>>> print(open('target-v7.pdb').read())   # PDB, C-alpha atoms
ATOM      1  CA  MET A 185      21.018-105.555 -78.514
ATOM      2  CA  ARG A 186      17.878-104.247 -80.167
ATOM      3  CA  ALA A 187      14.647-106.223 -80.187
ATOM      4  CA  ALA A 188      14.089-108.075 -83.437
ATOM      5  CA  GLY A 189      12.072-106.068 -85.925
ATOM      6  CA  ALA A 190      12.040-102.926 -83.821
ATOM      7  CA  ILE A 191      12.538 -99.571 -85.522
ATOM      8  CA  PHE A 192      13.741 -96.882 -83.137
ATOM      9  CA  MET A 193      12.760 -93.270 -83.567
ATOM     10  CA  SER A 194      14.092 -89.977 -82.263
ATOM     11  CA  THR A 195      10.773 -88.451 -81.172
ATOM     12  CA  LEU A 196       8.062 -89.269 -78.654
ATOM     13  CA  PRO A 197       5.578 -90.835 -78.276
ATOM     14  CA  GLN A 198       6.725 -94.216 -79.562
ATOM     15  CA  PHE A 199       4.561 -97.332 -79.901
ATOM     16  CA  TYR A 200       5.541-100.998 -80.161
ATOM     17  CA  ALA A 201       3.394-104.095 -80.715
ATOM     18  CA  ASP A 202       5.132-107.310 -79.615
ATOM     19  CA  GLY A 203       8.427-105.424 -79.750
ATOM     20  CA  ALA A 204       8.116-103.958 -83.269
ATOM     21  CA  ALA A 205       7.487-100.257 -83.872
ATOM     22  CA  VAL A 206       3.970 -99.382 -85.054
ATOM     23  CA  ALA A 207       2.121 -96.169 -85.842
ATOM     24  CA  SER A 208      -0.539 -96.505 -83.143
ATOM     25  CA  LEU A 209      -2.006 -98.868 -80.562
ATOM     26  CA  PRO A 210      -5.592 -99.942 -79.817
ATOM     27  CA  ALA A 211      -7.474 -98.438 -76.891
ATOM     28  CA  ASP A 212      -7.394-100.171 -73.513
ATOM     29  CA  ALA A 213     -11.037-101.139 -74.076
ATOM     30  CA  ALA A 214      -9.928-103.392 -76.961
ATOM     31  CA  PHE A 215      -8.335-105.755 -74.431
ATOM     32  CA  SER A 216     -10.340-108.422 -72.665
ATOM     33  CA  GLY A 217      -8.729-108.686 -69.243
ATOM     34  CA  GLY A 218      -4.994-108.351 -69.020
ATOM     35  CA  LEU A 219      -2.279-106.514 -67.169
ATOM     36  CA  LEU A 220      -1.008-102.950 -67.111
ATOM     37  CA  GLU A 221       2.499-102.014 -66.005
ATOM     38  CA  THR A 222       3.800 -98.445 -65.915
ATOM     39  CA  MET A 223       7.542 -97.911 -65.557
ATOM     40  CA  ARG A 224       9.962 -95.025 -65.390
ATOM     41  CA  CYS A 225      12.657 -94.883 -68.039
ATOM     42  CA  GLN A 226      15.579 -92.877 -66.689
ATOM     43  CA  GLY A 227      18.878 -92.242 -68.431
ATOM     44  CA  GLY A 228      18.362 -95.096 -70.884
ATOM     45  CA  GLN A 229      17.477 -97.648 -68.188
ATOM     46  CA  LEU A 230      14.477 -99.068 -66.333
ATOM     47  CA  PRO A 231      15.733 -98.734 -62.739
ATOM     48  CA  LEU A 232      12.911-100.768 -61.184
ATOM     49  CA  TRP A 233      12.588-103.461 -63.863
ATOM     50  CA  PRO A 234      13.402-106.436 -61.553
ATOM     51  CA  LEU A 235      10.471-105.457 -59.322
ATOM     52  CA  HIS A 236       8.189-104.912 -62.321
ATOM     53  CA  ARG A 237       9.135-108.349 -63.621
ATOM     54  CA  ALA A 238       8.442-109.904 -60.221
ATOM     55  CA  ARG A 239       4.971-108.342 -60.148
ATOM     56  CA  LEU A 240       4.199-109.551 -63.671
ATOM     57  CA  SER A 241       5.287-113.055 -62.662
ATOM     58  CA  ARG A 242       3.022-112.865 -59.614
ATOM     59  CA  SER A 243       0.011-112.454 -61.849
ATOM     60  CA  ALA A 244       0.266-116.048 -63.150
ATOM     61  CA  GLN A 245      -0.946-114.679 -66.517
ATOM     62  CA  ILE A 246       2.351-114.646 -68.381
ATOM     63  CA  ASP A 247       4.828-117.394 -69.260
ATOM     64  CA  THR A 248       8.588-117.063 -68.954
ATOM     65  CA  PRO A 249       9.390-116.889 -72.724
ATOM     66  CA  THR A 250       6.901-114.040 -73.176
ATOM     67  CA  LEU A 251       8.262-112.257 -70.124
ATOM     68  CA  ASP A 252      11.804-112.643 -71.480
ATOM     69  CA  ALA A 253      10.719-111.142 -74.806
ATOM     70  CA  ILE A 254       9.054-108.219 -73.030
ATOM     71  CA  GLU A 255      12.160-107.628 -70.944
ATOM     72  CA  ALA A 256      14.413-107.571 -74.030
ATOM     73  CA  ALA A 257      12.125-105.170 -75.889
ATOM     74  CA  ALA A 258      11.525-102.879 -72.908
ATOM     75  CA  ASN A 259      15.220-102.547 -72.169
ATOM     76  CA  ALA A 260      16.008-101.939 -75.832
ATOM     77  CA  VAL A 261      13.371 -99.194 -76.007
ATOM     78  CA  ALA A 262      14.765 -97.646 -72.822
ATOM     79  CA  ARG A 263      18.307 -97.604 -74.213
ATOM     80  CA  GLU A 264      17.113 -95.738 -77.306
ATOM     81  CA  CYS A 265      14.873 -93.288 -75.425
ATOM     82  CA  PRO A 266      15.558 -89.799 -76.849
ATOM     83  CA  VAL A 267      14.854 -87.996 -73.539
ATOM     84  CA  ASP A 268      16.341 -88.417 -70.078
ATOM     85  CA  ALA A 269      13.054 -89.304 -68.336
ATOM     86  CA  ALA A 270      10.016 -91.011 -69.840
ATOM     87  CA  LYS A 271       7.112 -93.279 -68.941
ATOM     88  CA  LEU A 272       7.003 -96.750 -70.477
ATOM     89  CA  ARG A 273       3.550 -98.360 -70.457
ATOM     90  CA  LEU A 274       3.185-102.109 -70.966
ATOM     91  CA  ARG A 275      -0.133-103.832 -71.698
ATOM     92  CA  LEU A 276      -0.655-107.565 -72.005
ATOM     93  CA  GLY A 277      -3.947-109.342 -72.591
ATOM     94  CA  LEU A 278      -6.427-110.809 -75.040
ATOM     95  CA  CYS A 279      -6.953-108.490 -78.016
ATOM     96  CA  SER A 280      -8.578-109.334 -81.363
ATOM     97  CA  GLY A 281      -8.741-112.988 -80.401
ATOM     98  CA  ARG A 282      -5.113-113.459 -79.400
ATOM     99  CA  ILE A 283      -2.782-112.703 -76.540
ATOM    100  CA  ARG A 284      -0.722-109.657 -77.384
ATOM    101  CA  TRP A 285       1.507-107.187 -75.615
ATOM    102  CA  ASP A 286       2.553-103.699 -76.504
ATOM    103  CA  LEU A 287       4.642-100.811 -75.237
ATOM    104  CA  SER A 288       4.177 -97.056 -75.406
ATOM    105  CA  LEU A 289       6.883 -94.558 -74.507
ATOM    106  CA  THR A 290       5.907 -90.985 -73.668
ATOM    107  CA  ALA A 291       7.860 -88.051 -72.285
ATOM    108  CA  LEU A 292       7.672 -87.539 -68.526
ATOM    109  CA  GLU A 293       6.755 -83.915 -67.990
ATOM    110  CA  PRO A 294       7.739 -82.223 -64.710
ATOM    111  CA  THR A 295       4.869 -81.549 -62.309
ATOM    112  CA  PRO A 296       4.668 -79.423 -59.146
ATOM    113  CA  GLU A 297       3.336 -82.305 -57.031
ATOM    114  CA  SER A 298       6.736 -83.421 -55.747
ATOM    115  CA  THR A 299       7.501 -79.974 -54.325
ATOM    116  CA  GLN A 300       4.044 -78.528 -53.596
ATOM    117  CA  GLY A 301       2.248 -81.711 -52.592
ATOM    118  CA  VAL A 302      -0.968 -83.523 -53.502
ATOM    119  CA  ARG A 303      -4.519 -82.987 -52.295
ATOM    120  CA  LEU A 304      -6.545 -86.150 -51.696
ATOM    121  CA  PHE A 305     -10.268 -86.359 -52.351
ATOM    122  CA  PRO A 306     -12.133 -89.160 -50.517
ATOM    123  CA  CYS A 307     -13.946 -91.027 -53.302
ATOM    124  CA  VAL A 308     -17.380 -92.589 -52.809
ATOM    125  CA  THR A 309     -16.440 -95.496 -55.094
ATOM    126  CA  ARG A 310     -15.118 -98.413 -53.025
ATOM    127  CA  LEU A 311     -12.850-101.354 -53.829
ATOM    128  CA  GLU A 312     -14.221-104.850 -53.365
ATOM    129  CA  PRO A 313     -12.009-107.115 -51.201
ATOM    130  CA  ALA A 314     -11.136-110.435 -52.866
ATOM    131  CA  GLU A 315     -11.765-113.749 -51.126
ATOM    132  CA  THR A 316      -8.429-115.100 -52.382
ATOM    133  CA  ALA A 317      -4.925-113.697 -51.933
ATOM    134  CA  ASN A 318      -4.471-110.456 -53.848
ATOM    135  CA  PRO A 319      -1.394-110.542 -56.144
ATOM    136  CA  GLY A 320      -1.363-106.735 -56.189
ATOM    137  CA  CYS A 321      -1.015-106.461 -59.968
ATOM    138  CA  LYS A 322      -2.435-103.586 -61.992
ATOM    139  CA  SER A 323      -5.284-104.682 -64.240
ATOM    140  CA  LEU A 324      -6.293-103.214 -67.591
ATOM    141  CA  GLN A 325      -9.870-103.415 -66.341
ATOM    142  CA  ARG A 326     -10.012 -99.922 -64.843
ATOM    143  CA  THR A 327     -13.794 -99.470 -64.565
ATOM    144  CA  GLY A 328     -13.882 -98.865 -60.825
ATOM    145  CA  TYR A 329     -10.851 -96.592 -60.909
ATOM    146  CA  ASN A 330     -12.305 -94.629 -63.816
ATOM    147  CA  ARG A 331     -15.580 -94.225 -61.952
ATOM    148  CA  ALA A 332     -13.691 -92.892 -58.927
ATOM    149  CA  ARG A 333     -11.643 -90.584 -61.150
ATOM    150  CA  ASP A 334     -14.849 -89.060 -62.492
ATOM    151  CA  GLU A 335     -15.746 -88.016 -58.928
ATOM    152  CA  LEU A 336     -12.714 -85.757 -58.550
ATOM    153  CA  PRO A 337     -13.398 -82.043 -58.090
ATOM    154  CA  VAL A 338     -11.686 -79.424 -60.204
ATOM    155  CA  VAL A 339      -8.843 -78.818 -57.754
ATOM    156  CA  ALA A 340      -5.168 -78.403 -58.566
ATOM    157  CA  ARG A 341      -2.875 -81.380 -57.846
ATOM    158  CA  CYS A 342      -5.781 -83.607 -56.796
ATOM    159  CA  ASP A 343      -5.791 -87.408 -56.532
ATOM    160  CA  GLY A 344      -8.563 -89.707 -55.371
ATOM    161  CA  LEU A 345      -8.348 -91.658 -52.113
ATOM    162  CA  LEU A 346      -9.853 -95.146 -52.265
ATOM    163  CA  ARG A 347     -11.255 -97.278 -49.436
ATOM    164  CA  ASP A 348     -12.623-100.800 -49.580
ATOM    165  CA  THR A 349     -16.245-101.697 -48.895
ATOM    166  CA  ASP A 350     -15.389-102.265 -45.223
ATOM    167  CA  GLY A 351     -14.049 -98.727 -44.878
ATOM    168  CA  ARG A 352     -10.334 -99.518 -44.774
ATOM    169  CA  VAL A 353      -8.055 -96.977 -46.470
ATOM    170  CA  ILE A 354      -6.299 -98.708 -49.392
ATOM    171  CA  GLU A 355      -4.579 -96.427 -51.945
ATOM    172  CA  SER A 356      -4.968 -93.453 -54.232
ATOM    173  CA  LEU A 357      -6.001 -93.641 -57.869
ATOM    174  CA  ARG A 358      -2.349 -93.555 -58.955
ATOM    175  CA  CYS A 359      -0.235 -94.392 -55.943
ATOM    176  CA  ASN A 360       0.323 -96.336 -52.770
ATOM    177  CA  LEU A 361      -0.179 -94.572 -49.459
ATOM    178  CA  LEU A 362       2.490 -93.957 -46.808
ATOM    179  CA  LEU A 363       1.744 -92.652 -43.303
ATOM    180  CA  PHE A 364       4.346 -91.435 -40.830
ATOM    181  CA  ILE A 365       2.794 -91.883 -37.407
ATOM    182  CA  GLN A 366       4.264 -92.281 -33.947
ATOM    183  CA  GLY A 367       7.808 -92.248 -35.315
ATOM    184  CA  ARG A 368       7.448 -94.924 -38.005
ATOM    185  CA  TRP A 369       6.230 -95.414 -41.554
ATOM    186  CA  LEU A 370       3.015 -97.366 -42.082
ATOM    187  CA  THR A 371       1.335 -98.497 -45.310
ATOM    188  CA  PRO A 372      -2.056-100.164 -45.831
ATOM    189  CA  ASP A 373      -2.306-103.954 -45.939
ATOM    190  CA  LEU A 374      -3.080-104.888 -49.560
ATOM    191  CA  SER A 375      -3.709-108.597 -49.036
ATOM    192  CA  ARG A 376      -7.405-108.182 -49.960
ATOM    193  CA  CYS A 377      -7.368-105.543 -52.726
ATOM    194  CA  GLY A 378      -5.336-102.717 -54.192
ATOM    195  CA  VAL A 379      -2.219-102.451 -56.337
ATOM    196  CA  ARG A 380       1.061-103.403 -54.681
ATOM    197  CA  GLY A 381       3.316-100.841 -56.312
ATOM    198  CA  VAL A 382       6.954-101.551 -57.051
ATOM    199  CA  MET A 383       8.082 -98.268 -55.452
ATOM    200  CA  ARG A 384       6.342 -99.370 -52.269
ATOM    201  CA  ASP A 385       8.334-102.610 -52.399
ATOM    202  CA  TRP A 386      11.572-100.767 -53.203
ATOM    203  CA  LEU A 387      11.128 -98.457 -50.217
ATOM    204  CA  GLY A 388      10.127-101.371 -47.986
ATOM    205  CA  ALA A 389      13.504-102.997 -48.621
ATOM    206  CA  ARG A 390      15.330 -99.859 -47.434
ATOM    207  CA  ILE A 391      13.286 -98.413 -44.577
ATOM    208  CA  VAL A 392      11.171 -99.859 -41.793
ATOM    209  CA  LEU A 393       7.720 -99.916 -43.408
ATOM    210  CA  ALA A 394       4.993-101.706 -41.463
ATOM    211  CA  GLU A 395       1.885-103.042 -43.228
ATOM    212  CA  SER A 396      -1.418-102.837 -41.389
ATOM    213  CA  ASP A 397      -5.107-102.169 -41.869
ATOM    214  CA  VAL A 398      -5.583 -98.403 -41.909
ATOM    215  CA  GLN A 399      -8.857 -97.065 -40.607
ATOM    216  CA  TRP A 400      -9.998 -93.481 -41.141
ATOM    217  CA  PRO A 401      -8.936 -92.204 -37.669
ATOM    218  CA  VAL A 402      -5.413 -93.563 -38.222
ATOM    219  CA  LEU A 403      -5.087 -91.589 -41.450
ATOM    220  CA  LEU A 404      -6.288 -88.411 -39.754
ATOM    221  CA  ALA A 405      -3.823 -88.914 -36.890
ATOM    222  CA  ALA A 406      -0.758 -89.247 -39.155
ATOM    223  CA  ASP A 407       2.038 -86.708 -38.700
ATOM    224  CA  GLU A 408       3.003 -86.890 -42.381
ATOM    225  CA  VAL A 409       1.292 -88.469 -45.383
ATOM    226  CA  ALA A 410       2.879 -89.312 -48.721
ATOM    227  CA  LEU A 411       2.133 -91.171 -51.932
ATOM    228  CA  CYS A 412       4.532 -93.278 -53.978
ATOM    229  CA  ASN A 413       4.651 -94.883 -57.401
ATOM    230  CA  SER A 414       7.254 -96.157 -59.830
ATOM    231  CA  VAL A 415       7.027 -93.184 -62.213
ATOM    232  CA  ARG A 416       6.950 -90.175 -59.889
ATOM    233  CA  GLY A 417       8.684 -91.529 -56.790
ATOM    234  CA  VAL A 418       7.402 -90.035 -53.509
ATOM    235  CA  LEU A 419       4.852 -87.220 -53.466
ATOM    236  CA  PRO A 420       3.932 -85.357 -50.270
ATOM    237  CA  VAL A 421       0.250 -85.117 -49.314
ATOM    238  CA  VAL A 422      -0.731 -81.669 -48.015
ATOM    239  CA  GLU A 423      -4.493 -82.063 -47.651
ATOM    240  CA  LEU A 424      -7.338 -84.515 -47.309
ATOM    241  CA  LEU A 425     -10.083 -82.320 -48.699
ATOM    242  CA  GLY A 426     -12.642 -81.378 -46.076
ATOM    243  CA  GLU A 427     -10.821 -83.292 -43.327
ATOM    244  CA  ARG A 428      -7.185 -82.435 -42.584
ATOM    245  CA  GLN A 429      -4.142 -80.529 -43.791
ATOM    246  CA  TRP A 430      -0.473 -81.472 -43.422
ATOM    247  CA  THR A 431       2.804 -79.669 -43.890
ATOM    248  CA  ILE A 432       5.499 -81.335 -45.981
ATOM    249  CA  GLY A 433       7.634 -82.914 -43.293
ATOM    250  CA  PRO A 434      11.280 -83.976 -43.012
ATOM    251  CA  GLU A 435      10.549 -87.711 -43.156
ATOM    252  CA  THR A 436       8.846 -87.365 -46.531
ATOM    253  CA  ARG A 437      11.750 -85.287 -47.809
ATOM    254  CA  ARG A 438      14.146 -88.012 -46.640
ATOM    255  CA  LEU A 439      12.301 -90.558 -48.775
ATOM    256  CA  GLN A 440      12.519 -88.255 -51.789
ATOM    257  CA  GLN A 441      16.249 -87.802 -51.175
ATOM    258  CA  LEU A 442      16.752 -91.566 -50.917
ATOM    259  CA  ILE A 443      15.178 -92.035 -54.350
ATOM    260  CA  ALA A 444      17.204 -89.173 -55.812
ATOM    261  CA  GLU A 445      20.428 -90.700 -54.534
ATOM    262  CA  GLU A 446      19.790 -94.335 -55.447
ATOM    263  CA  LEU A 447      17.405 -94.327 -58.424
ATOM    264  CA  TRP A 448      17.214 -91.029 -60.274
TER     265      TRP A 448
END
>>> encode(input="target-v7.pdb", output="structure tokens")
Amino acid sequence: MRAAGAIFMSTLPQFYADGAAVASLPADAAFSGGLLETMRCQGGQLPLWPLHRARLSRSAQIDTPTLDAIEAAANAVARECPVDAAKLRLRLGLCSGRIRWDLSLTALEPTPESTQGVRLFPCVTRLEPAETANPGCKSLQRTGYNRARDELPVVARCDGLLRDTDGRVIESLRCNLLLFIQGRWLTPDLSRCGVRGVMRDWLGARIVLAESDVQWPVLLAADEVALCNSVRGVLPVVELLGERQWTIGPETRRLQQLIAEELW
């Protein structure tokens, strides 16, 4: 069933404001506060939608009727997606004096990162730990992340590695971090700061994935390092620039195979 008022098109990108097709959308800077959710559309479906919905609910910024309307529109857009794989971007927040939400659907282009790996650059910009429990949601306020992004060198397949102000390793600019060390998978504790990605949660329900504070020596001692997010799945890490190199190991490949078999 299509969302009321929506007009579906056969080309990408596509833009929707409150479920109805529009020609364009305002910039992120037009929103005061708000949430950002990026999802993979695969074969006309949103495979991880239940986890995305759970994270949106965790934010305590969205009521159930609005979330139901977003779910109906997002699934309708996914069903009409003219390509097999795409990225669906949801924004919700205060814009032009009212709460609004919108969707943008763009083609998901293949990248070499999943086969050749990612290089991590240790950013100077640090994340500030919160005094209250961190819901792990992605905010539209990306100032700190944008500042860290501007630090990145001109290096192929490079992502920024973020630590908090106490030196704990937290995440990359786009992904959650996975370390295979001493025969088990480990991921940073995000109770203070960072984005708790839905792919991280999906993997955690299928493999043994311990959460713990990760200090710099622990990262350097890892046998394999990988990144994960809901759009790209699992990406091997092959280098921490200036510090350490890794080969793409069998445990990382097993995670990629698990996603290929069960999700896309």
>>> resolve_selection(input="target-v7.pdb", expression="the PyMOL selection byres ((chain A and resi 234) around 12)", output="PyMOL selection string")
chain A and resi 223+229-233+235-241+251-252+255+259+382-383+385-386
>>> resolve_selection(input="target-v7.pdb", expression="the PyMOL selection byres ((chain A and resi 274) around 9)", output="PyMOL selection string")
chain A and resi 219-223+254+258+272-273+275-276+285-288
>>> resolve_selection(input="target-v7.pdb", expression="the PyMOL selection byres ((chain A and resi 402) around 12)", output="list in words")
Arg352, Val353, Leu362, Leu363, Phe364, Ile365, Gln366, Leu370, Thr371, Pro372, Ser396, Asp397, Val398, Gln399, Trp400, Pro401, Leu403, Leu404, Ala405, Ala406, Asp407, Glu408 and Val409 of chain A
>>> closest_residue(input="target-v7.pdb", among="A:Pro249, A:Pro306, A:Pro319, A:Gly281", to="Gly217 in chain A", atoms="all atoms listed in the file")
A:Gly281
>>> closest_residue(input="target-v7.pdb", among="A:Leu278, A:Ala253, A:Leu345, A:Leu324", to="Leu311 in chain A", atoms="all atoms listed in the file")
A:Leu345
>>> atom_distance(input="target-v7.pdb", atom1="CA of Asp350 in chain A", atom2="CA of Glu315 in chain A")
13.4 Å
>>> closest_residue(input="target-v7.pdb", among="A:Gly344, A:Gly218, A:Pro266, A:Gly320", to="Arg282 in chain A", atoms="all atoms listed in the file")
A:Gly218
>>> build_atoms(input="target-v7.pdb", residues="range 284-296 of chain A", atoms="N, CA and C atoms", output="mmCIF file, in the coordinates of the input")
data_model
loop_
_atom_site.group_PDB
_atom_site.id
_atom_site.type_symbol
_atom_site.label_atom_id
_atom_site.label_comp_id
_atom_site.auth_asym_id
_atom_site.auth_seq_id
_atom_site.Cartn_x
_atom_site.Cartn_y
_atom_site.Cartn_z
ATOM 1 N N ARG A 284 -1.711 -110.569 -76.818
ATOM 2 C CA ARG A 284 -0.722 -109.657 -77.384
ATOM 3 C C ARG A 284 -0.184 -108.759 -76.269
ATOM 4 N N TRP A 285 0.966 -108.194 -76.533
ATOM 5 C CA TRP A 285 1.507 -107.187 -75.615
ATOM 6 C C TRP A 285 2.037 -106.028 -76.420
ATOM 7 N N ASP A 286 2.023 -104.871 -75.816
ATOM 8 C CA ASP A 286 2.553 -103.699 -76.504
ATOM 9 C C ASP A 286 3.175 -102.735 -75.498
ATOM 10 N N LEU A 287 3.934 -101.801 -76.035
ATOM 11 C CA LEU A 287 4.642 -100.811 -75.237
ATOM 12 C C LEU A 287 4.384 -99.425 -75.820
ATOM 13 N N SER A 288 4.233 -98.447 -74.956
ATOM 14 C CA SER A 288 4.177 -97.056 -75.406
ATOM 15 C C SER A 288 5.120 -96.232 -74.549
ATOM 16 N N LEU A 289 5.891 -95.386 -75.185
ATOM 17 C CA LEU A 289 6.883 -94.558 -74.507
ATOM 18 C C LEU A 289 6.509 -93.101 -74.703
ATOM 19 N N THR A 290 6.282 -92.394 -73.607
ATOM 20 C CA THR A 290 5.907 -90.985 -73.668
ATOM 21 C C THR A 290 6.813 -90.172 -72.746
ATOM 22 N N ALA A 291 7.006 -88.922 -73.090
ATOM 23 C CA ALA A 291 7.860 -88.051 -72.285
ATOM 24 C C ALA A 291 7.259 -87.855 -70.900
ATOM 25 N N LEU A 292 8.104 -87.769 -69.900
ATOM 26 C CA LEU A 292 7.672 -87.539 -68.526
ATOM 27 C C LEU A 292 7.836 -86.054 -68.226
ATOM 28 N N GLU A 293 6.718 -85.350 -68.216
ATOM 29 C CA GLU A 293 6.755 -83.915 -67.990
ATOM 30 C C GLU A 293 6.882 -83.613 -66.501
ATOM 31 N N PRO A 294 7.645 -82.597 -66.132
ATOM 32 C CA PRO A 294 7.739 -82.223 -64.710
ATOM 33 C C PRO A 294 6.397 -81.712 -64.195
ATOM 34 N N THR A 295 6.092 -82.026 -62.950
ATOM 35 C CA THR A 295 4.869 -81.549 -62.309
ATOM 36 C C THR A 295 5.232 -80.930 -60.965
ATOM 37 N N PRO A 296 4.365 -80.065 -60.433
ATOM 38 C CA PRO A 296 4.668 -79.423 -59.146
ATOM 39 C C PRO A 296 4.333 -80.297 -57.938
#
